[in-house]
file run29.cif (mmCIF, C-alpha atoms)
data_my_file
loop_
_atom_site.group_PDB
_atom_site.id
_atom_site.type_symbol
_atom_site.label_atom_id
_atom_site.label_comp_id
_atom_site.auth_asym_id
_atom_site.auth_seq_id
_atom_site.Cartn_x
_atom_site.Cartn_y
_atom_site.Cartn_z
ATOM 1 C CA MET A 423 0.000 0.000 0.000
ATOM 2 C CA TYR A 424 1.277 3.435 -0.961
ATOM 3 C CA ILE A 425 1.540 6.707 0.952
ATOM 4 C CA ASP A 426 0.762 9.621 -1.368
ATOM 5 C CA VAL A 427 2.540 12.860 -0.427
ATOM 6 C CA HIS A 428 1.349 14.923 -3.414
ATOM 7 C CA HIS A 429 -2.407 14.992 -3.106
ATOM 8 C CA HIS A 430 -4.822 17.887 -3.663
ATOM 9 C CA PHE A 431 -7.865 18.636 -1.509
ATOM 10 C CA ASN A 432 -10.431 20.561 -3.568
ATOM 11 C CA ALA A 433 -11.794 23.087 -1.112
ATOM 12 C CA PRO A 434 -14.911 25.095 -1.964
ATOM 13 C CA GLY A 435 -14.074 28.182 -3.976
ATOM 14 C CA GLY A 436 -10.819 26.719 -5.267
ATOM 15 C CA ARG A 437 -9.741 26.276 -8.848
ATOM 16 C CA ASN A 438 -8.236 23.617 -11.109
ATOM 17 C CA GLY A 439 -9.918 20.782 -9.245
ATOM 18 C CA ARG A 440 -11.854 18.028 -10.946
ATOM 19 C CA PRO A 441 -15.661 18.397 -10.921
ATOM 20 C CA GLY A 442 -17.345 15.972 -8.578
ATOM 21 C CA TRP A 443 -14.433 15.630 -6.159
ATOM 22 C CA SER A 444 -15.318 14.505 -2.664
ATOM 23 C CA PRO A 445 -13.379 12.919 0.221
ATOM 24 C CA ALA A 446 -15.564 9.816 0.100
ATOM 25 C CA SER A 447 -15.064 9.248 -3.625
ATOM 26 C CA THR A 448 -11.333 9.861 -3.126
ATOM 27 C CA VAL A 449 -11.154 7.153 -0.470
ATOM 28 C CA ALA A 450 -12.860 4.758 -2.876
ATOM 29 C CA ALA A 451 -10.327 5.631 -5.587
ATOM 30 C CA MET A 452 -7.487 5.155 -3.098
ATOM 31 C CA ASP A 453 -8.786 1.712 -2.189
ATOM 32 C CA GLU A 454 -8.921 0.730 -5.847
ATOM 33 C CA ALA A 455 -5.403 2.033 -6.530
ATOM 34 C CA GLY A 456 -3.758 0.628 -3.403
ATOM 35 C CA VAL A 457 -3.084 3.984 -1.725
ATOM 36 C CA SER A 458 -3.482 3.591 2.024
ATOM 37 C CA LEU A 459 -2.763 7.155 3.132
ATOM 38 C CA ALA A 460 -2.596 10.579 1.448
ATOM 39 C CA ILE A 461 -1.313 13.898 2.777
ATOM 40 C CA GLY A 462 -3.579 16.494 1.245
ATOM 41 C CA TRP A 463 -2.823 20.126 0.456
ATOM 42 C CA PRO A 464 -5.866 22.409 0.137
ATOM 43 C CA GLY A 465 -4.121 24.645 -2.374
ATOM 44 C CA PRO A 466 -2.667 28.126 -2.749
ATOM 45 C CA VAL A 467 -4.209 31.249 -1.284
ATOM 46 C CA VAL A 468 -5.535 33.652 -3.897
ATOM 47 C CA ALA A 469 -7.180 36.775 -2.465
ATOM 48 C CA ALA A 470 -7.606 40.472 -3.170
ATOM 49 C CA ASP A 471 -5.859 41.797 -0.074
ATOM 50 C CA ARG A 472 -3.991 40.784 3.068
ATOM 51 C CA ALA A 473 -7.049 40.396 5.282
ATOM 52 C CA ALA A 474 -8.827 38.280 2.686
ATOM 53 C CA ALA A 475 -5.702 36.137 2.221
ATOM 54 C CA ARG A 476 -5.509 35.412 5.930
ATOM 55 C CA ALA A 477 -9.184 34.486 6.008
ATOM 56 C CA ARG A 478 -8.820 32.283 2.945
ATOM 57 C CA ALA A 479 -5.810 30.443 4.386
ATOM 58 C CA ARG A 480 -7.721 29.784 7.593
ATOM 59 C CA ALA A 481 -10.762 28.516 5.672
ATOM 60 C CA LEU A 482 -8.640 26.218 3.503
ATOM 61 C CA ASN A 483 -6.863 24.744 6.500
ATOM 62 C CA GLU A 484 -10.066 24.244 8.482
ATOM 63 C CA PHE A 485 -11.496 22.462 5.456
ATOM 64 C CA GLY A 486 -8.430 20.239 5.087
ATOM 65 C CA ALA A 487 -8.354 19.454 8.794
ATOM 66 C CA GLY A 488 -12.032 18.542 8.589
ATOM 67 C CA VAL A 489 -11.321 16.046 5.818
ATOM 68 C CA ALA A 490 -8.498 14.502 7.852
ATOM 69 C CA ALA A 491 -10.703 14.347 10.973
ATOM 70 C CA ARG A 492 -13.507 12.673 9.065
ATOM 71 C CA PHE A 493 -11.126 10.048 7.623
ATOM 72 C CA PRO A 494 -8.311 9.919 10.201
ATOM 73 C CA THR A 495 -6.838 6.665 8.919
ATOM 74 C CA ARG A 496 -6.681 7.883 5.304
ATOM 75 C CA PHE A 497 -5.655 11.551 5.220
ATOM 76 C CA GLY A 498 -3.067 13.901 6.656
ATOM 77 C CA LEU A 499 -2.720 17.645 6.060
ATOM 78 C CA PHE A 500 -0.176 20.026 4.588
ATOM 79 C CA ALA A 501 -1.520 23.359 5.783
ATOM 80 C CA THR A 502 -1.363 26.342 3.464
ATOM 81 C CA LEU A 503 -0.235 29.867 4.341
ATOM 82 C CA PRO A 504 -1.143 33.363 3.207
ATOM 83 C CA PRO A 505 1.485 34.878 0.869
ATOM 84 C CA LEU A 506 4.801 34.994 2.700
ATOM 85 C CA ASP A 507 5.261 38.742 2.343
ATOM 86 C CA ASP A 508 2.651 38.859 5.140
ATOM 87 C CA ILE A 509 5.038 37.582 7.816
ATOM 88 C CA GLU A 510 2.645 38.178 10.716
ATOM 89 C CA GLY A 511 -0.179 36.360 8.938
ATOM 90 C CA ALA A 512 2.055 33.455 7.912
ATOM 91 C CA LEU A 513 3.406 32.996 11.450
ATOM 92 C CA ALA A 514 -0.091 33.090 12.915
ATOM 93 C CA GLU A 515 -1.277 30.445 10.479
ATOM 94 C CA ILE A 516 1.732 28.216 11.184
ATOM 95 C CA ALA A 517 0.844 28.320 14.885
ATOM 96 C CA HIS A 518 -2.822 27.586 14.186
ATOM 97 C CA ALA A 519 -1.972 24.755 11.790
ATOM 98 C CA PHE A 520 0.362 22.931 14.153
ATOM 99 C CA ASP A 521 -1.078 23.826 17.564
ATOM 100 C CA ARG A 522 -4.798 23.669 16.791
ATOM 101 C CA LEU A 523 -5.179 21.543 13.662
ATOM 102 C CA ASP A 524 -2.330 19.060 14.257
ATOM 103 C CA ALA A 525 -1.109 19.546 10.679
ATOM 104 C CA ASP A 526 1.544 17.178 9.359
ATOM 105 C CA GLY A 527 3.463 19.882 7.529
ATOM 106 C CA ILE A 528 3.193 23.150 5.648
ATOM 107 C CA GLY A 529 2.619 23.602 1.925
ATOM 108 C CA LEU A 530 4.369 26.522 0.211
ATOM 109 C CA LEU A 531 4.546 27.823 -3.336
ATOM 110 C CA THR A 532 7.794 28.104 -5.264
ATOM 111 C CA GLN A 533 7.427 31.896 -5.337
ATOM 112 C CA TYR A 534 5.295 34.716 -4.034
ATOM 113 C CA GLY A 535 5.021 37.572 -6.499
ATOM 114 C CA ASP A 536 8.525 38.046 -7.862
ATOM 115 C CA ALA A 537 10.307 36.621 -4.788
ATOM 116 C CA TRP A 538 11.676 33.075 -4.669
ATOM 117 C CA LEU A 539 11.757 31.130 -1.416
ATOM 118 C CA GLY A 540 15.368 32.019 -0.646
ATOM 119 C CA SER A 541 14.391 35.676 -0.271
ATOM 120 C CA ALA A 542 15.647 37.253 2.956
ATOM 121 C CA THR A 543 12.139 38.675 3.438
ATOM 122 C CA PHE A 544 10.842 35.197 4.243
ATOM 123 C CA GLU A 545 13.482 34.308 6.852
ATOM 124 C CA PRO A 546 11.187 34.757 9.903
ATOM 125 C CA VAL A 547 8.852 32.140 8.435
ATOM 126 C CA PHE A 548 11.687 29.666 7.930
ATOM 127 C CA GLU A 549 13.056 30.401 11.402
ATOM 128 C CA GLU A 550 9.750 29.298 12.883
ATOM 129 C CA LEU A 551 9.466 26.267 10.640
ATOM 130 C CA ASP A 552 13.034 25.327 11.545
ATOM 131 C CA ARG A 553 12.229 25.680 15.247
ATOM 132 C CA ARG A 554 9.382 23.243 14.766
ATOM 133 C CA ALA A 555 11.477 20.881 12.579
ATOM 134 C CA ALA A 556 8.607 21.026 10.117
ATOM 135 C CA VAL A 557 8.099 19.130 6.905
ATOM 136 C CA VAL A 558 7.622 21.700 4.128
ATOM 137 C CA PHE A 559 5.998 20.630 0.861
ATOM 138 C CA VAL A 560 6.854 23.008 -2.001
ATOM 139 C CA HIS A 561 4.446 23.110 -4.935
ATOM 140 C CA PRO A 562 5.221 24.966 -8.167
ATOM 141 C CA THR A 563 3.168 27.844 -9.470
ATOM 142 C CA ALA A 564 3.430 30.629 -11.998
ATOM 143 C CA LEU A 565 1.080 33.032 -10.237
ATOM 144 C CA ASP A 566 1.438 36.763 -10.844
ATOM 145 C CA GLY A 567 3.353 36.122 -14.052
ATOM 146 C CA ALA A 568 6.676 35.574 -12.274
ATOM 147 C CA CYS A 569 9.047 34.128 -14.874
ATOM 148 C CA GLY A 570 6.026 33.524 -17.031
ATOM 149 C CA CYS A 571 7.955 34.281 -20.205
ATOM 150 C CA GLY A 572 5.230 36.599 -21.412
ATOM 151 C CA ALA A 573 2.301 34.518 -22.628
ATOM 152 C CA LEU A 574 2.318 31.322 -20.563
ATOM 153 C CA GLY A 575 0.784 29.366 -23.416
ATOM 154 C CA TYR A 576 3.511 30.467 -25.850
ATOM 155 C CA GLN A 577 0.666 31.324 -28.218
ATOM 156 C CA ILE A 578 -0.161 27.607 -28.629
ATOM 157 C CA GLU A 579 -3.654 26.547 -27.642
ATOM 158 C CA GLY A 580 -3.741 23.960 -24.866
ATOM 159 C CA ILE A 581 -0.300 24.644 -23.402
ATOM 160 C CA SER A 582 -0.548 25.983 -19.856
ATOM 161 C CA GLN A 583 1.905 26.982 -17.142
ATOM 162 C CA ALA A 584 1.997 23.381 -15.906
ATOM 163 C CA TRP A 585 3.924 22.268 -18.999
ATOM 164 C CA LEU A 586 7.169 24.203 -18.533
ATOM 165 C CA GLU A 587 6.722 26.918 -15.895
ATOM 166 C CA TYR A 588 6.015 24.480 -13.072
ATOM 167 C CA PRO A 589 9.136 22.311 -13.483
ATOM 168 C CA PHE A 590 11.347 25.327 -14.190
ATOM 169 C CA ASN A 591 9.981 27.297 -11.243
ATOM 170 C CA THR A 592 10.731 24.343 -9.000
ATOM 171 C CA ALA A 593 14.272 24.434 -10.377
ATOM 172 C CA ARG A 594 14.521 28.189 -9.879
ATOM 173 C CA THR A 595 13.433 28.165 -6.251
ATOM 174 C CA ILE A 596 15.668 25.212 -5.280
ATOM 175 C CA LEU A 597 18.705 26.862 -6.861
ATOM 176 C CA HIS A 598 17.803 30.189 -5.259
ATOM 177 C CA MET A 599 17.527 28.578 -1.824
ATOM 178 C CA MET A 600 20.839 26.794 -2.302
ATOM 179 C CA ALA A 601 22.641 29.956 -3.381
ATOM 180 C CA ALA A 602 21.026 31.988 -0.584
ATOM 181 C CA GLY A 603 22.047 29.416 2.040
ATOM 182 C CA THR A 604 18.442 28.716 3.086
ATOM 183 C CA PHE A 605 18.901 24.962 3.360
ATOM 184 C CA ARG A 606 22.106 25.357 5.373
ATOM 185 C CA ARG A 607 20.682 27.907 7.815
ATOM 186 C CA PHE A 608 17.444 26.009 8.383
ATOM 187 C CA ALA A 609 18.721 22.454 8.442
ATOM 188 C CA ASN A 610 15.918 21.199 10.727
ATOM 189 C CA ILE A 611 13.307 21.722 8.014
ATOM 190 C CA ARG A 612 12.600 18.653 5.879
ATOM 191 C CA PHE A 613 11.843 20.060 2.418
ATOM 192 C CA VAL A 614 9.823 17.994 -0.080
ATOM 193 C CA PHE A 615 9.910 19.244 -3.680
ATOM 194 C CA CYS A 616 7.468 18.139 -6.359
ATOM 195 C CA HIS A 617 7.872 16.225 -9.594
ATOM 196 C CA GLY A 618 11.274 14.727 -8.914
ATOM 197 C CA GLY A 619 12.938 18.132 -8.612
ATOM 198 C CA GLY A 620 11.455 19.488 -11.813
ATOM 199 C CA ALA A 621 13.908 20.856 -14.357
ATOM 200 C CA LEU A 622 16.817 21.106 -11.923
ATOM 201 C CA THR A 623 17.419 17.346 -11.815
ATOM 202 C CA PRO A 624 18.820 17.153 -15.380
ATOM 203 C CA LEU A 625 20.600 20.510 -14.934
ATOM 204 C CA ILE A 626 22.326 20.059 -11.568
ATOM 205 C CA GLN A 627 25.450 18.487 -13.015
ATOM 206 C CA ARG A 628 25.602 21.135 -15.726
ATOM 207 C CA ILE A 629 25.738 23.803 -13.004
ATOM 208 C CA ALA A 630 28.289 21.776 -11.011
ATOM 209 C CA GLY A 631 30.416 21.819 -14.166
ATOM 210 C CA PHE A 632 30.710 25.617 -13.942
ATOM 211 C CA LYS A 633 33.897 25.018 -11.938
ATOM 212 C CA GLY A 634 35.498 24.631 -15.344
ATOM 213 C CA TRP A 635 34.020 27.877 -16.726
ATOM 214 C CA PHE A 636 36.636 30.631 -16.774
ATOM 215 C CA GLU A 637 34.063 33.315 -15.873
ATOM 216 C CA PHE A 638 32.992 31.417 -12.765
ATOM 217 C CA GLY A 639 35.459 28.778 -11.602
ATOM 218 C CA GLU A 640 35.867 26.238 -8.828
ATOM 219 C CA GLU A 641 36.609 28.669 -5.975
ATOM 220 C CA ARG A 642 33.561 30.830 -6.605
ATOM 221 C CA LEU A 643 31.343 27.753 -6.927
ATOM 222 C CA ALA A 644 32.683 26.483 -3.596
ATOM 223 C CA ARG A 645 31.974 29.837 -1.901
ATOM 224 C CA MET A 646 28.413 29.842 -3.186
ATOM 225 C CA PHE A 647 27.769 26.182 -2.307
ATOM 226 C CA PRO A 648 30.170 25.400 0.572
ATOM 227 C CA ASP A 649 28.667 21.966 1.205
ATOM 228 C CA GLY A 650 28.872 21.085 -2.472
ATOM 229 C CA LEU A 651 26.092 21.710 -4.961
ATOM 230 C CA GLU A 652 25.385 18.049 -5.656
ATOM 231 C CA ALA A 653 25.629 17.071 -1.971
ATOM 232 C CA GLU A 654 23.172 19.782 -0.978
ATOM 233 C CA PHE A 655 20.717 18.704 -3.681
ATOM 234 C CA ALA A 656 20.996 15.081 -2.521
ATOM 235 C CA ARG A 657 19.864 15.973 1.008
ATOM 236 C CA LEU A 658 16.476 17.257 -0.154
ATOM 237 C CA HIS A 659 13.364 15.099 -0.428
ATOM 238 C CA PHE A 660 11.538 14.663 -3.721
ATOM 239 C CA GLU A 661 8.132 13.239 -4.453
ATOM 240 C CA CYS A 662 8.010 11.758 -7.904
ATOM 241 C CA ALA A 663 4.576 12.408 -9.435
ATOM 242 C CA GLN A 664 4.995 12.969 -13.181
ATOM 243 C CA ALA A 665 8.646 11.882 -12.908
ATOM 244 C CA TRP A 666 8.124 8.114 -13.023
ATOM 245 C CA ALA A 667 9.533 7.591 -16.537
ATOM 246 C CA PRO A 668 12.453 5.122 -16.312
ATOM 247 C CA GLN A 669 14.892 7.683 -17.722
ATOM 248 C CA ASN A 670 13.831 10.307 -15.172
ATOM 249 C CA MET A 671 14.026 7.927 -12.246
ATOM 250 C CA ALA A 672 17.405 6.542 -13.289
ATOM 251 C CA LEU A 673 18.824 10.066 -13.363
ATOM 252 C CA LEU A 674 17.176 11.098 -10.091
ATOM 253 C CA ARG A 675 18.394 7.951 -8.329
ATOM 254 C CA SER A 676 21.935 8.579 -9.608
ATOM 255 C CA LEU A 677 21.876 11.974 -7.856
ATOM 256 C CA VAL A 678 19.746 11.375 -4.758
ATOM 257 C CA PRO A 679 19.715 8.448 -2.300
ATOM 258 C CA ASP A 680 16.620 6.275 -2.456
ATOM 259 C CA SER A 681 15.948 7.330 1.151
ATOM 260 C CA GLN A 682 15.039 10.835 -0.119
ATOM 261 C CA LEU A 683 12.420 9.757 -2.672
ATOM 262 C CA LEU A 684 8.689 9.658 -1.968
ATOM 263 C CA PHE A 685 5.614 8.360 -3.728
ATOM 264 C CA GLY A 686 3.195 10.980 -5.049
ATOM 265 C CA THR A 687 0.313 11.061 -7.508
ATOM 266 C CA ASP A 688 -0.726 14.714 -8.069
ATOM 267 C CA PHE A 689 -4.328 13.553 -7.570
ATOM 268 C CA ASP A 690 -6.868 14.751 -8.577
ATOM 269 C CA ARG A 691 -5.129 16.546 -11.413
ATOM 270 C CA PHE A 692 -4.052 13.039 -12.420
ATOM 271 C CA ASP A 693 -5.741 9.741 -11.659
ATOM 272 C CA LEU A 694 -4.179 7.781 -8.828
ATOM 273 C CA ARG A 695 -3.596 4.848 -11.162
ATOM 274 C CA HIS A 696 -1.499 7.059 -13.442
ATOM 275 C CA SER A 697 1.303 7.153 -10.869
ATOM 276 C CA VAL A 698 0.674 3.699 -9.428
ATOM 277 C CA ASP A 699 0.915 1.994 -12.826
ATOM 278 C CA GLN A 700 4.051 3.900 -13.833
ATOM 279 C CA PHE A 701 5.720 3.181 -10.502
ATOM 280 C CA GLU A 702 4.867 -0.490 -10.626
ATOM 281 C CA ARG A 703 6.379 -0.803 -14.112
ATOM 282 C CA LEU A 704 9.768 0.430 -12.897
ATOM 283 C CA ALA A 705 12.457 -2.225 -12.521
ATOM 284 C CA LEU A 706 13.440 -1.601 -8.909
ATOM 285 C CA PRO A 707 14.923 -3.790 -6.181
ATOM 286 C CA GLU A 708 12.151 -4.702 -3.771
ATOM 287 C CA PRO A 709 13.686 -2.814 -0.807
ATOM 288 C CA THR A 710 13.855 0.323 -2.974
ATOM 289 C CA ARG A 711 10.265 -0.146 -4.121
ATOM 290 C CA GLN A 712 9.047 -0.412 -0.545
ATOM 291 C CA ALA A 713 11.134 2.554 0.601
ATOM 292 C CA ILE A 714 9.791 4.868 -2.106
ATOM 293 C CA GLY A 715 6.269 3.478 -1.985
ATOM 294 C CA HIS A 716 5.761 3.942 1.755
ATOM 295 C CA GLY A 717 8.839 3.366 3.909
ATOM 296 C CA ASN A 718 10.452 6.785 3.520
ATOM 297 C CA ALA A 719 7.139 8.527 4.195
ATOM 298 C CA ARG A 720 6.688 6.463 7.347
ATOM 299 C CA ARG A 721 9.979 7.838 8.679
ATOM 300 C CA LEU A 722 9.170 11.409 7.633
ATOM 301 C CA PHE A 723 5.600 11.443 9.003
ATOM 302 C CA THR A 724 5.908 9.291 12.098
ATOM 303 C CA ARG A 725 3.079 10.933 14.047
ATOM 304 C CA LEU A 726 0.693 10.730 11.122
ATOM 305 C CA VAL A 727 1.442 7.065 10.506
ATOM 306 C CA GLU A 728 0.926 6.279 14.190
ATOM 307 C CA ARG A 729 -2.280 8.315 14.281
ATOM 308 C CA ALA A 730 -3.614 6.629 11.158
ATOM 309 C CA GLY A 731 -2.459 3.162 12.174
ATOM 310 C CA ALA A 732 -1.004 2.834 8.678
#

call {"tool": "encode", "arguments": {"input": "run29.cif", "output": "structure tokens"}}
result
Amino acid sequence: MYIDVHHHFNAPGGRNGRPGWSPASTVAAMDEAGVSLAIGWPGPVVAADRAAARARARALNEFGAGVAARFPTRFGLFATLPPLDDIEGALAEIAHAFDRLDADGIGLLTQYGDAWLGSATFEPVFEELDRRAAVVFVHPTALDGACGCGALGYQIEGISQAWLEYPFNTARTILHMMAAGTFRRFANIRFVFCHGGGALTPLIQRIAGFKGWFEFGEERLARMFPDGLEAEFARLHFECAQAWAPQNMALLRSLVPDSQLLFGTDFDRFDLRHSVDQFERLALPEPTRQAIGHGNARRLFTRLVERAGA
């Protein structure tokens, strides 16, 4: 049985969810697909002003906590936050999520406006998350047009921001956090990035090769990434929804220990079976299959697993 760490709760008033979604129908789909437990994220906060954003974050988290309370053996919760430029609001919601709702982690976006997650502005939020040794799930977005390359559809009907902006914005925020020292300063936070690291996974060794570039060089690379670029990348956690292709997984596993990889489905944007079938077709040693399928999540979410009896 799998533990799904990339799972969307479709709260009322949200967007992009599948019509007809309900917790009960989701549990039925999980049973059919062999998913025993899912950690749901109720989505990003989109609101007209700061007060509305705080209210929306609270409503989303109360909804998500209600789903988890109704099905305590099947769902956990990644609580959402108002945009991180509202430090006071974000800190208040972190306290509410962990102290009142017993959330299993916090869900963040790759960027807020034109600021990536390594921005010094957000440091008070990460200080608190580090103090709590929180699990932080980072989901890509292209809200507000940040790095949207003009028209997100590239003038081609049917192409949306999910095609290229999502994986590249995951890459951008990871690299930004590495270069800014975020991961080193807040080492107690367990970060989980979506989609197998997005576009950074095939690019990480290209960047590491800049030690041979005369305009950059080995010393400057070492100052920017004192723990080593590849070593720092390998300490992060990655869920692998939409990254299950054998070529993708072979590359990811060559860069990251199997202990850092997690099963995810991106439900309900994708059917649960989409990830389950792709994962089950991979030629993996059985211990690796069990670790990715559920074992690593059991270690990362100990309280949730105990609470759910999973």

call {"tool": "resolve_selection", "arguments": {"input": "run29.cif", "expression": "the PyMOL selection byres ((chain A and resi 659) around 12)", "output": "number ranges by chain"}}
result
A: 427, 557-560, 596, 605, 611-619, 654-658, 660-662, 674-675, 677-686, 714, 718-719, 722

call {"tool": "atom_distance", "arguments": {"input": "run29.cif", "atom1": "CA of Arg729 in chain A", "atom2": "CA of Ala481 in chain A"}}
result
23.5 Å

call {"tool": "atom_distance", "arguments": {"input": "run29.cif", "atom1": "CA of Gly715 in chain A", "atom2": "CA of Leu482 in chain A"}}
result
27.7 Å

call {"tool": "resolve_selection", "arguments": {"input": "run29.cif", "expression": "the PyMOL selection byres ((chain A and resi 602) around 12)", "output": "PyMOL selection string"}}
result
chain A and resi 538-545+594-601+603-608+645-648

call {"tool": "atom_distance", "arguments": {"input": "run29.cif", "atom1": "CA of Leu694 in chain A", "atom2": "CA of Gly529 in chain A"}}
result
20.3 Å

call {"tool": "axis_aligned_box", "arguments": {"input": "run29.cif", "around": "range 534-544 of chain A", "padding_each_side": "6 Å", "output": "lines of an AutoDock Vina configuration file"}}
result
center_x = 10.3
center_y = 34.9
center_z = -1.8
size_x = 22.6
size_y = 19.5
size_z = 24.1

call {"tool": "resolve_selection", "arguments": {"input": "run29.cif", "expression": "the PyMOL selection byres ((chain A and resi 691) around 10)", "output": "tab-separated table (two decimals) with C-alpha atoms, in the frame of the given file"}}
result
chain	number	residue	atom	x	y	z
A	429	HIS	CA	-2.41	14.99	-3.11
A	430	HIS	CA	-4.82	17.89	-3.66
A	438	ASN	CA	-8.24	23.62	-11.11
A	439	GLY	CA	-9.92	20.78	-9.24
A	440	ARG	CA	-11.85	18.03	-10.95
A	687	THR	CA	0.31	11.06	-7.51
A	688	ASP	CA	-0.73	14.71	-8.07
A	689	PHE	CA	-4.33	13.55	-7.57
A	690	ASP	CA	-6.87	14.75	-8.58
A	692	PHE	CA	-4.05	13.04	-12.42
A	693	ASP	CA	-5.74	9.74	-11.66
A	694	LEU	CA	-4.18	7.78	-8.83

call {"tool": "closest_residue", "arguments": {"input": "run29.cif", "among": "A:Ala487, A:Ala470, A:Leu673, A:Ala555", "to": "Phe500 in chain A", "atoms": "only C-alpha atoms"}}
result
A:Ala487

call {"tool": "residues_near_point", "arguments": {"input": "run29.cif", "point": "(-10.8, 16.4, 7.1)", "cutoff": "12 Å", "atoms": "all atoms listed in the file", "output": "PDB file with C-alpha atoms, keeping the file's coordinate frame"}}
result
ATOM      1  CA  PHE A 431      -7.865  18.636  -1.509  1.00  0.00           C
ATOM      2  CA  ASN A 432     -10.431  20.561  -3.568  1.00  0.00           C
ATOM      3  CA  ALA A 433     -11.794  23.087  -1.112  1.00  0.00           C
ATOM      4  CA  SER A 444     -15.318  14.505  -2.664  1.00  0.00           C
ATOM      5  CA  PRO A 445     -13.379  12.919   0.221  1.00  0.00           C
ATOM      6  CA  ALA A 446     -15.564   9.816   0.100  1.00  0.00           C
ATOM      7  CA  VAL A 449     -11.154   7.153  -0.470  1.00  0.00           C
ATOM      8  CA  ALA A 460      -2.596  10.579   1.448  1.00  0.00           C
ATOM      9  CA  ILE A 461      -1.313  13.898   2.777  1.00  0.00           C
ATOM     10  CA  GLY A 462      -3.579  16.494   1.245  1.00  0.00           C
ATOM     11  CA  TRP A 463      -2.823  20.126   0.456  1.00  0.00           C
ATOM     12  CA  PRO A 464      -5.866  22.409   0.137  1.00  0.00           C
ATOM     13  CA  LEU A 482      -8.640  26.218   3.503  1.00  0.00           C
ATOM     14  CA  ASN A 483      -6.863  24.744   6.500  1.00  0.00           C
ATOM     15  CA  GLU A 484     -10.066  24.244   8.482  1.00  0.00           C
ATOM     16  CA  PHE A 485     -11.496  22.462   5.456  1.00  0.00           C
ATOM     17  CA  GLY A 486      -8.430  20.239   5.087  1.00  0.00           C
ATOM     18  CA  ALA A 487      -8.354  19.454   8.794  1.00  0.00           C
ATOM     19  CA  GLY A 488     -12.032  18.542   8.589  1.00  0.00           C
ATOM     20  CA  VAL A 489     -11.321  16.046   5.818  1.00  0.00           C
ATOM     21  CA  ALA A 490      -8.498  14.502   7.852  1.00  0.00           C
ATOM     22  CA  ALA A 491     -10.703  14.347  10.973  1.00  0.00           C
ATOM     23  CA  ARG A 492     -13.507  12.673   9.065  1.00  0.00           C
ATOM     24  CA  PHE A 493     -11.126  10.048   7.623  1.00  0.00           C
ATOM     25  CA  PRO A 494      -8.311   9.919  10.201  1.00  0.00           C
ATOM     26  CA  THR A 495      -6.838   6.665   8.919  1.00  0.00           C
ATOM     27  CA  ARG A 496      -6.681   7.883   5.304  1.00  0.00           C
ATOM     28  CA  PHE A 497      -5.655  11.551   5.220  1.00  0.00           C
ATOM     29  CA  GLY A 498      -3.067  13.901   6.656  1.00  0.00           C
ATOM     30  CA  LEU A 499      -2.720  17.645   6.060  1.00  0.00           C
ATOM     31  CA  PHE A 500      -0.176  20.026   4.588  1.00  0.00           C
ATOM     32  CA  ALA A 501      -1.520  23.359   5.783  1.00  0.00           C
ATOM     33  CA  LEU A 523      -5.179  21.543  13.662  1.00  0.00           C
ATOM     34  CA  ASP A 524      -2.330  19.060  14.257  1.00  0.00           C
ATOM     35  CA  ALA A 525      -1.109  19.546  10.679  1.00  0.00           C
TER      36      ALA A 525
END

call {"tool": "closest_residue", "arguments": {"input": "run29.cif", "among": "A:Leu506, A:Ala474, A:Ala609, A:Leu651", "to": "Gly535 in chain A", "atoms": "only C-alpha atoms"}}
result
A:Leu506

call {"tool": "residues_around", "arguments": {"input": "run29.cif", "residues": "Ala479 in chain A", "least_positions_apart": "4", "cutoff": "7 Å", "atoms": "all atoms listed in the file", "output": "JSON, numbers by chain"}}
result
{"A": [467, 475, 483, 502, 503, 504]}

call {"tool": "closest_residue", "arguments": {"input": "run29.cif", "among": "A:His561, A:Arg695, A:His428, A:Arg703", "to": "Ala584 in chain A", "atoms": "all atoms listed in the file"}}
result
A:His561

call {"tool": "closest_residue", "arguments": {"input": "run29.cif", "among": "A:Tyr424, A:Asp649, A:Glu549, A:Trp585", "to": "Met452 in chain A", "atoms": "only C-alpha atoms"}}
result
A:Tyr424
